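Reading through the structure tokens given below for one structure.
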Protein chains: 2
Amino acid sequence: MATRSRPTIREVAALAGVSHQTVSRVINGSERVNADTRERVEIAITELGYQPNAIARSMARGRTYTLACIAPNLTDFTYASIIEGAEIESRSQGYFLLTASAPDEKNFNTLIEQLFGSRRAEGLLVITPYIDHQHTQPHHDVPTVYVGADPHQEHTSLVTLDNTAAGLLATQHLIELGHLRIAHIIGPRIEDSAQDRLEGYRTALDIAGLCPDLRLIVEGDWSATSGYRAVNRLYDQKVSFSAIFAQNDRMAIGAIRALRELGIKVPDAVSVIGFDDMPLASYFDPPLTTIKQDTLLMGSEAAQLLIRLIEHPEGEKTSIYLPGELVIRHSTATIPSIGDKEVSAK
Amino acid sequence: MATRSRPTIREVAALAGVSHQTVSRVINGSERVNADTRERVEIAITELGYQPNAIARSMARGRTYTLACIAPNLTDFTYASIIEGAEIESRSQGYFLLTASAPDEKNFNTLIEQLFGSRRAEGLLVITPYIDHQHTQPHHDVPTVYVGADPHQEHTSLVTLDNTAAGLLATQHLIELGHLRIAHIIGPRIEDSAQDRLEGYRTALDIAGLCPDLRLIVEGDWSATSGYRAVNRLYDQKVSFSAIFAQNDRMAIGAIRALRELGIKVPDAVSVIGFDDMPLASYFDPPLTTIKQDTLLMGSEAAQLLIRLIEHPEGEKTSIYLPGELVIRHSTATIPSIGDKEVSAK
DNA sequence: ATGAAAGCGCTAACAA
DNA sequence: TTGTTAGCGCTTTCAT
């Protein structure tokens with residue numbers, strides 16, 4: 001009974017006593033098929049357990065119904081959940097998602113070549129924290145949607161957090177708590193999101209009429225260690241502050257550890273706000289106040305955009321900016337009324 | 001100059017003045033081609049920027065060079081890094097990896113149908129914490145490798161942590177520190193890894209001649225909250241213990257929080273060891289002692305196994321058990337010499 | 001060493 | 001409404 005290879009459209013046709021083309025019509029839901037013919041075909045299909053071969057279909061239609069998603073890595077929670085969102089949305093629309101990591105430019109280019117030179121995938125989702133010359137180069141006229149970074153240029157589709165607004169939100173939260181000297185641990189300056197969040201920070205100070213102090217701004221690399229070092233640097237330079245806005249949760253966690261080691265209580269003496277709302281953010285000590293981004297939604301919106309781009313190439317390029325949400329936990333508090341609790345030059 | 005569609009093998013052939021078959025031989029590295037013919041063809045290839053169409057190739061060869069990887073989700077760090085390991089290995093061997101999440105059985109089955117009914121992928125990597133009837137059903141004679149769970153049955157290829165040995169390792173670490181009453185927060189009982197780690201725990205007690213106490217074993221669901229609740233349950237039931245072995249880091253973190261709220265110092269009064277070595281495990285308070293598993297390696301080994309299975313279907317099924325590694329940080333310490341520091345019935 | 005012919009499993013264009 | 005004929009771009013016989 002067991003057949004080695006799967007049945008083809010012709011075997012189904014033979015069994016149903018019709019031409020293979022009629023079978024094709026049935027499996028493609030064409031209207032131009034008699035009800036009883038259709039039924040005969042459908043019976044044959046179930047009889048043989050026939051399923052269309054996707055490769056042959058791709059071959060004939062010139063379409064692969066496959067999207068590719070490239071991220072610097074697959075493990076970072078933010079990337080992973082964008083990918084998950086994109087994958088679920090893609091699949092619900094009949095596309096599969098090929099995932100790949102490309103930690104650097106060389107890998108990125110190789111990957112693009114492999115994926116699109118061979119026409120394996122129809123569209124590209126680029127998850128990247130920064131847009132450089134490299135990433136904005138159009139490749140093989142591949143429909144592309146960027147997620148997570150804003151190239152600030154025309155003719156690109158993208159989905160990203162409204163980083164400027166979110167940076168503003170975070171900073172204003174601290175200002176509302178009465179903080180006047182807010183240190184800002186930023187991500188790498190070359191990354192767009194770091195720049196945009198910084199702009200939000202500056203705008204918030206501006207609106208509040210606070211005096212910006214360049215010494216309060218320290219660059220990190222998103223790692224907890226860099227947050228830790230940032231605080232020590234501020235301390236060594238005797239820069240006084242009563243609050244810290246870290247551009248991601250990991251740096252915030254590192255900062256809190258450094259403060260603790262310096263004997264500075266969070267949030268009693270210094271408030272700390274993070275960014276991302278990573279898993280277990282609520283389980284750190286103290287539970288982290290942060291800006292949450294809906295990364296699943298980002299991924300899903302990006303996939304939608306990409307599919308629209310593929311199916312309607314003549315359509316407009318679209319940019320979607322998602323809002324960040326302030327999640328207040330216990331790492332921020334009102335500024336200590338007694339001045340001596342503030343960190344300051346000794 | 002711009003051509004709308006990409007050049008085909010025939011255009012290259014025409015330009016090189018040979019038959020398309022010769023071009024095929026060149027791009028496939030056949031020996032049976034004259035050196036100068038080959039050169040002419042290669043020039044034509046670069047001239048036209050020709051790249052073979054992967055779909056057409058798949059069609060003709062009956063191979064897709066695509067693997068599929070299914071995990072309950074894509075965001076859990078453990079899963080994500082297995083996937084990343086698998087993806088890198090796959091690509092280095094000329095395969096692409098299709099990633100999909102299937103949170104439940106229904107999704108899992110649908111996905112398998114979509115992927116293999118249509119012959120889109122050639123092999124399957126199943127990342128699953130447990131093996132039930134469902135997962136072990138062979139689907140469409142698809143070459144399959146399981147990652148992360150041991151079905152304990154013949155004729156399956158799998159890669160997993162040696163959970164029993166790792167459970168033993170964790171427990172022995174606590175025993176060596178002098179702990180006699182070790183609570184054990186386990187994962188869901190239906191999951192293989194939970195059972196295996198538990199077995200390691202029991203064996204360690206046995207070896208040390210310690211008396212097992214069923215009341216010390218509490219079931220969680222891997223979440224931090226469940227670890228938190230587990231400790232409170234132990235406390236409410238007045239079960240005394242001086243150490244906790246939690247089967248994952250999240251539950252360990254939850255447990256530590258509960259202990260802190262109860263005014264019990266970690267590790268001074270109670271030691272806690274986790275499992276996984278998740279990101280930032282070293283940034284919790286106190287930095288978490290844990291069992292680290294090399295998930296990247298797991299993924300890469302799994303992909304290797306799968307590719308071998310695809311390319312040599314007649315080969316043996318293989319099981320790979322990877323060792324866990326004890327990472328000692330600051331959440332475990334020697335048992336307090338003064339008995340009154342131990343948690344006990346009031 | 002090279003070319004011609006056939007076909008992978010399907011869809012698209014045209015006929016009937 | 002249905003069937004026939006051509007391909008999609010490549011590889012794989014089999015000749016030459």
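Identifiers in this document derive from the order of the structure tokens: chains are assigned A, B, ..., residues are numbered from 1 separately in each chain, and ligands are numbered from 1 in order of occurrence.
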
Residues of chain B within 8 Å of chain A, using only C-alpha atoms, as an NGL selection string?
:B and (51-56 or 58-59 or 64 or 73-77 or 80-81 or 83-84 or 87-88 or 96-101 or 117-120 or 224 or 250 or 253-254 or 257 or 280 or 283-285)

Contacts of Gln247 (chain A) within 9 Å, only C-alpha atoms (C1' of nucleotides), excl. fewer than 6 positions in-chain, as a PyMOL selection string
chain A and resi 167+184-187+193-194+197-198+220+222+273-276

Output C-alpha atoms for every residue in that selection, as a short mmCIF file (atom, residue, chain, number, x, y, z; two decimals), in the first residue's frame.
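For reference, selection_2.cif as written:
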data_model
loop_
_atom_site.label_atom_id
_atom_site.label_comp_id
_atom_site.auth_asym_id
_atom_site.auth_seq_id
_atom_site.Cartn_x
_atom_site.Cartn_y
_atom_site.Cartn_z
CA GLY A 167 12.57 59.31 25.55
CA HIS A 184 21.30 59.90 30.84
CA ILE A 185 23.02 56.66 29.91
CA ILE A 186 22.62 56.37 26.18
CA GLY A 187 23.24 53.56 23.73
CA SER A 193 17.32 54.78 18.55
CA ALA A 194 19.97 56.15 20.91
CA ARG A 197 15.78 58.82 22.74
CA LEU A 198 18.42 61.38 23.54
CA GLY A 220 27.12 52.86 26.94
CA TRP A 222 23.55 48.43 25.90
CA ILE A 273 14.30 54.38 34.83
CA GLY A 274 15.10 51.82 32.15
CA PHE A 275 13.80 51.09 28.71
CA ASP A 276 12.32 47.94 27.06
#

Listing only residues of chain B within 8 Å of chain C, what is the closest atom pair and its distance in Å (to one decimal) for each, using only C-alpha atoms (C1' of nucleotides), sorted by chain and residue number ascending, as a Markdown table?
| residue | atom | partner | partner_atom | distance |
| --- | --- | --- | --- | --- |
| B:Ser19 | CA | C:DG3 | C1' | 6.4 |
| B:Gln21 | CA | C:DG3 | C1' | 7.5 |
| B:Thr22 | CA | C:DT2 | C1' | 7.1 |
| B:Arg32 | CA | C:DA1 | C1' | 6.1 |
| B:Val33 | CA | C:DA1 | C1' | 6.0 |
| B:Asn34 | CA | C:DA1 | C1' | 6.6 |
| B:Met59 | CA | C:DC8 | C1' | 5.4 |
| B:Ala60 | CA | C:DC8 | C1' | 4.8 |
| B:Arg61 | CA | C:DC8 | C1' | 7.4 |
| B:Gly62 | CA | C:DC8 | C1' | 7.1 |

Residues of chain D within 9 Å of chain B, using only C-alpha atoms (C1' of nucleotides), as a PyMOL selection string?
chain D and resi 8-12

Hey, can you spit out that residue selection with C-alpha atoms (C1' of nucleotides) as a PDB file, in the first residue's frame?
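Result written to out-v2.pdb:
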ATOM      1  C1'  DC D   8       8.672  28.150 -15.198  1.00  0.00           C
ATOM      2  C1'  DG D   9      14.662  27.215 -14.799  1.00  0.00           C
ATOM      3  C1'  DC D  10      16.960  23.822 -13.739  1.00  0.00           C
ATOM      4  C1'  DT D  11      19.115  18.819 -13.623  1.00  0.00           C
ATOM      5  C1'  DT D  12      19.484  14.367 -15.448  1.00  0.00           C
TER       6       DT D  12
END

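Contact shell of Leu288 (chain B) at 9 Å (only C-alpha atoms (C1' of nucleotides); same-chain neighbours under 5 positions omitted): B:Asp249, B:Ala252, B:Ile253, B:Val272, B:Ile273, B:Gly274, B:Asp277, B:Ala281, B:Ser282, B:Tyr283, B:Val327, B:Ile328, B:Arg329, B:His330, B:Ser331, B:Thr332.
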
May I have the residues from that selection written out with C-alpha atoms, as a tab-separated table (two decimals), in the first residue's frame?
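Final output, saved to part_21.tsv:
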chain	number	residue	atom	x	y	z
B	249	ASP	CA	16.56	30.54	37.06
B	252	ALA	CA	15.00	30.71	41.61
B	253	ILE	CA	14.57	34.46	41.27
B	272	VAL	CA	19.53	29.05	46.29
B	273	ILE	CA	20.76	27.47	43.10
B	274	GLY	CA	19.02	27.94	39.77
B	277	ASP	CA	22.26	30.62	33.50
B	281	ALA	CA	21.75	35.86	36.11
B	282	SER	CA	24.86	37.50	37.47
B	283	TYR	CA	23.03	40.80	37.90
B	327	VAL	CA	28.46	28.29	37.73
B	328	ILE	CA	29.09	29.38	41.28
B	329	ARG	CA	28.14	32.95	42.13
B	330	HIS	CA	26.81	34.29	45.38
B	331	SER	CA	23.39	32.82	46.02
B	332	THR	CA	24.83	29.71	47.64

Coordinates-based distance that separates CA of Ile182 (chain A) from CA of Ala204 (chain A) (Å, one decimal):
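Between these atoms lies a distance of 10.8 Å.
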
Would you please extract all strand (DSSP E) residues from region 8-91 of chain B, as assigned by DSSP on the backbone, and give them as a ChimeraX atom specification?
/B:66-71

Just to be explicit: take each residue in the selection above, keep N, CA and C atoms, and write the result as a compact mmCIF listing (two decimals), in the first residue's frame.
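What ended up in selection-v8.txt:
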# COMPACT_ATOMS: atom_id res chain seq x y z
N THR B 66 16.11 23.24 2.84
CA THR B 66 15.48 24.06 3.86
C THR B 66 15.09 23.18 5.04
N LEU B 67 15.46 23.62 6.23
CA LEU B 67 15.07 22.91 7.44
C LEU B 67 14.01 23.73 8.15
N ALA B 68 13.22 23.08 8.94
CA ALA B 68 12.24 23.80 9.72
C ALA B 68 12.51 23.57 11.19
N CYS B 69 12.27 24.59 11.96
CA CYS B 69 12.49 24.50 13.39
C CYS B 69 11.24 24.99 14.10
N ILE B 70 10.71 24.16 14.95
CA ILE B 70 9.50 24.53 15.67
C ILE B 70 9.77 24.56 17.16
N ALA B 71 9.42 25.66 17.79
CA ALA B 71 9.57 25.78 19.23
C ALA B 71 8.25 26.31 19.80

Ala243 (chain A): which residues within 7 Å, counting only C-alpha atoms (C1' of nucleotides), same-chain residues fewer than 5 positions away excluded, as a PyMOL selection string?
chain A and resi 179+181-183+270-272

Quick check for you: according to DSSP on this backbone, which residues of region 1-198 of chain A are classed as helix (DSSP H, G or I)? Reply as JSON, numbers by chain.
{"A": [9, 10, 11, 12, 13, 14, 15, 16, 20, 21, 22, 23, 24, 25, 26, 27, 35, 36, 37, 38, 39, 40, 41, 42, 43, 44, 45, 46, 47, 48, 54, 55, 56, 57, 58, 59, 60, 61, 77, 78, 79, 80, 81, 82, 83, 84, 85, 86, 87, 88, 89, 90, 91, 92, 105, 106, 107, 108, 109, 110, 111, 112, 113, 114, 115, 116, 117, 133, 134, 135, 136, 163, 164, 165, 166, 167, 168, 169, 170, 171, 172, 173, 174, 175, 176, 192, 193, 194, 195, 196, 197, 198]}
